[in-house]
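Okay, target13.cif is below, mmCIF, C-alpha atoms and all ligand atoms; chains and numbers go by the auth columns:
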data_start
loop_
_atom_site.group_PDB
_atom_site.id
_atom_site.type_symbol
_atom_site.label_atom_id
_atom_site.label_comp_id
_atom_site.label_asym_id
_atom_site.label_seq_id
_atom_site.Cartn_x
_atom_site.Cartn_y
_atom_site.Cartn_z
_atom_site.B_iso_or_equiv
_atom_site.auth_seq_id
_atom_site.auth_asym_id
ATOM 1 C CA MET A 1 -108.943 -10.184 14.630 0.00 1 A
ATOM 2 C CA GLU A 2 -112.296 -10.398 12.991 0.00 2 A
ATOM 3 C CA ALA A 3 -112.999 -8.452 9.876 0.00 3 A
ATOM 4 C CA ILE A 4 -115.639 -5.788 10.280 0.00 4 A
ATOM 5 C CA LYS A 5 -118.305 -6.113 7.682 0.00 5 A
ATOM 6 C CA GLU A 6 -119.344 -2.741 6.452 0.00 6 A
ATOM 7 C CA PRO A 7 -122.751 -2.220 4.863 0.00 7 A
ATOM 8 C CA ASN A 8 -121.269 -0.609 1.797 0.00 8 A
ATOM 9 C CA SER A 9 -118.907 -3.459 1.152 0.00 9 A
ATOM 10 C CA LYS A 10 -120.234 -5.006 -1.964 0.00 10 A
ATOM 11 C CA PHE A 11 -118.904 -6.806 -4.925 0.00 11 A
ATOM 12 C CA VAL A 12 -120.301 -5.828 -8.255 0.00 12 A
ATOM 13 C CA LYS A 13 -120.181 -7.620 -11.528 0.00 13 A
ATOM 14 C CA VAL A 14 -119.300 -5.240 -14.310 0.00 14 A
ATOM 15 C CA ARG A 15 -118.810 -5.427 -18.023 0.00 15 A
ATOM 16 C CA CYS A 16 -115.876 -3.672 -19.566 0.00 16 A
ATOM 17 C CA PRO A 17 -117.175 -1.104 -22.078 0.00 17 A
ATOM 18 C CA LYS A 18 -114.200 -1.683 -24.298 0.00 18 A
ATOM 19 C CA CYS A 19 -113.770 -5.439 -24.586 0.00 19 A
ATOM 20 C CA LYS A 20 -117.017 -6.759 -22.997 0.00 20 A
ATOM 21 C CA ASN A 21 -115.106 -8.774 -20.461 0.00 21 A
ATOM 22 C CA GLU A 22 -117.207 -9.515 -17.374 0.00 22 A
ATOM 23 C CA GLN A 23 -115.386 -9.097 -14.117 0.00 23 A
ATOM 24 C CA ILE A 24 -116.294 -9.024 -10.447 0.00 24 A
ATOM 25 C CA ILE A 25 -114.832 -6.051 -8.631 0.00 25 A
ATOM 26 C CA PHE A 26 -115.031 -4.742 -5.093 0.00 26 A
ATOM 27 C CA GLY A 27 -117.337 -1.738 -4.905 0.00 27 A
ATOM 28 C CA LYS A 28 -115.281 -0.018 -2.264 0.00 28 A
ATOM 29 C CA ALA A 29 -111.776 -0.472 -3.475 0.00 29 A
ATOM 30 C CA SER A 30 -109.102 2.006 -2.481 0.00 30 A
ATOM 31 C CA THR A 31 -107.125 1.505 -5.624 0.00 31 A
ATOM 32 C CA GLU A 32 -107.813 1.844 -9.289 0.00 32 A
ATOM 33 C CA ILE A 33 -109.391 -1.250 -10.780 0.00 33 A
ATOM 34 C CA LYS A 34 -108.475 -2.197 -14.286 0.00 34 A
ATOM 35 C CA CYS A 35 -109.929 -4.660 -16.720 0.00 35 A
ATOM 36 C CA LEU A 36 -107.944 -7.863 -16.586 0.00 36 A
ATOM 37 C CA VAL A 37 -108.185 -8.303 -20.324 0.00 37 A
ATOM 38 C CA CYS A 38 -107.585 -4.897 -21.909 0.00 38 A
ATOM 39 C CA GLY A 39 -106.385 -2.772 -18.997 0.00 39 A
ATOM 40 C CA LYS A 40 -109.122 -0.155 -19.190 0.00 40 A
ATOM 41 C CA VAL A 41 -109.829 1.539 -15.853 0.00 41 A
ATOM 42 C CA LEU A 42 -113.163 0.230 -14.586 0.00 42 A
ATOM 43 C CA ALA A 43 -113.326 2.020 -11.238 0.00 43 A
ATOM 44 C CA ASP A 44 -111.623 4.970 -9.628 0.00 44 A
ATOM 45 C CA PRO A 45 -111.209 5.345 -5.875 0.00 45 A
ATOM 46 C CA THR A 46 -113.109 8.410 -4.675 0.00 46 A
ATOM 47 C CA GLY A 47 -113.033 8.960 -0.947 0.00 47 A
ATOM 48 C CA GLY A 48 -113.568 5.395 0.157 0.00 48 A
ATOM 49 C CA LYS A 49 -116.129 4.420 -2.407 0.00 49 A
ATOM 50 C CA SER A 50 -115.227 3.436 -5.907 0.00 50 A
ATOM 51 C CA LYS A 51 -116.634 5.308 -8.816 0.00 51 A
ATOM 52 C CA VAL A 52 -117.497 2.551 -11.218 0.00 52 A
ATOM 53 C CA LYS A 53 -117.096 3.548 -14.818 0.00 53 A
ATOM 54 C CA ALA A 54 -118.134 0.255 -16.317 0.00 54 A
ATOM 55 C CA ARG A 55 -121.649 -1.041 -16.754 0.00 55 A
ATOM 56 C CA ILE A 56 -122.847 -2.779 -13.598 0.00 56 A
ATOM 57 C CA LEU A 57 -124.574 -6.034 -14.404 0.00 57 A
ATOM 58 C CA GLU A 58 -125.200 -7.311 -10.922 0.00 58 A
ATOM 59 C CA VAL A 59 -124.584 -6.375 -7.284 0.00 59 A
ATOM 60 C CA LEU A 60 -123.461 -9.256 -5.128 0.00 60 A
ATOM 61 C CA GLU A 61 -124.167 -8.916 -1.431 0.00 61 A
HETATM 62 ZN ZN ZN B . -111.630 -4.699 -21.102 0.00 101 A
#
Take the structure in the file and give it back as structure tokens.
Amino acid sequence: MEAIKEPNSKFVKVRCPKCKNEQIIFGKASTEIKCLVCGKVLADPTGGKSKVKARILEVLE
């Protein structure tokens, strides 16, 4: 099976507001995304599209 590429499927580079760690996360994750360093929640799943709480530095397409 081939993966269907959806237009909203983007990776974003974010900076953790707490520890300044830069991390690339999936912009449409269905689960909570936490900072790998300090564990702060960076994005919440909200109906298919993540609500990113961290500062977005770059959108990777
Ligand atoms: Zn952090």
Got a sec: who's within 9 Å of A:Phe26, counting all atoms listed in the file, leaving out chain neighbours fewer than 4 positions off, as an mmCIF file with C-alpha atoms, keeping the file's coordinate frame?
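Saved file part-v2.cif follows:
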data_model
loop_
_atom_site.group_PDB
_atom_site.id
_atom_site.type_symbol
_atom_site.label_atom_id
_atom_site.label_comp_id
_atom_site.auth_asym_id
_atom_site.auth_seq_id
_atom_site.Cartn_x
_atom_site.Cartn_y
_atom_site.Cartn_z
ATOM 1 C CA SER A 9 -118.907 -3.459 1.152
ATOM 2 C CA LYS A 10 -120.234 -5.006 -1.964
ATOM 3 C CA PHE A 11 -118.904 -6.806 -4.925
ATOM 4 C CA VAL A 12 -120.301 -5.828 -8.255
ATOM 5 C CA LYS A 13 -120.181 -7.620 -11.528
ATOM 6 C CA ILE A 33 -109.391 -1.250 -10.780
ATOM 7 C CA SER A 50 -115.227 3.436 -5.907
#
For the interface of chain A with ligand ZN 101 (chain A) (cut-off 6 Å, counting all atoms listed in the file), please tabulate each contacting residue of chain A alongside its nearest pair of atoms and their separation in Å to one decimal, rows sorted by chain and increasing number, as CSV.
residue,atom,partner,partner_atom,distance
A:Cys16,CA,A:ZN101,ZN,4.6
A:Lys18,CA,A:ZN101,ZN,5.1
A:Cys19,CA,A:ZN101,ZN,4.2
A:Asn21,CA,A:ZN101,ZN,5.4
A:Cys35,CA,A:ZN101,ZN,4.7
A:Val37,CA,A:ZN101,ZN,5.0
A:Cys38,CA,A:ZN101,ZN,4.1
A:Gly39,CA,A:ZN101,ZN,6.0
A:Lys40,CA,A:ZN101,ZN,5.5
Checklist entry - Applied to the shown file, which residues does the PyMOL selection byres (((chain A and resi 32) around 6) and not hetatm) return, written as a list in words? => result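 Applied to this file, the PyMOL selection byres (((chain A and resi 32) around 6) and not hetatm) selects Thr31, Ile33, Ala43, Asp44 and Pro45 of chain A.
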Item to check | Counting all atoms listed in the file, the option among A:Ala54, A:Ile24, A:Pro17, A:Ala29 closest to A:Leu42 | outcome: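 Of A:Ala54, A:Ile24, A:Pro17, A:Ala29, the one nearest A:Leu42 is A:Ala54, counting all atoms listed in the file.
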Where is the centre and how long are the edges: axis-aligned box on stretch 35-46 of chain A, 3 Å on each side, Å to one decimal, as JSON:
{"center_x": -109.9, "center_y": 0.1, "center_z": -13.3, "size_x": 12.9, "size_y": 22.7, "size_z": 23.2}
Checklist entry - How many Å lie between atom CA of A:Ile56 and atom CA of A:Glu22, rounded to one decimal? => result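 So the answer is 9.6 Å.
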Next on the checklist: Between atom CA of A:Leu60 and atom CA of A:Gly47, what distance in Å does the model show, to one decimal?
Outcome noted: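 Atom CA of A:Gly47 lies 21.4 Å from atom CA of A:Leu60.
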Next on the checklist: Using Å and a single decimal, report how far atom CA of A:Lys53 sits from atom CA of A:Val14.
Outcome noted: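 Calculated distance between atom CA of A:Val14 and atom CA of A:Lys53 is 9.1 Å.
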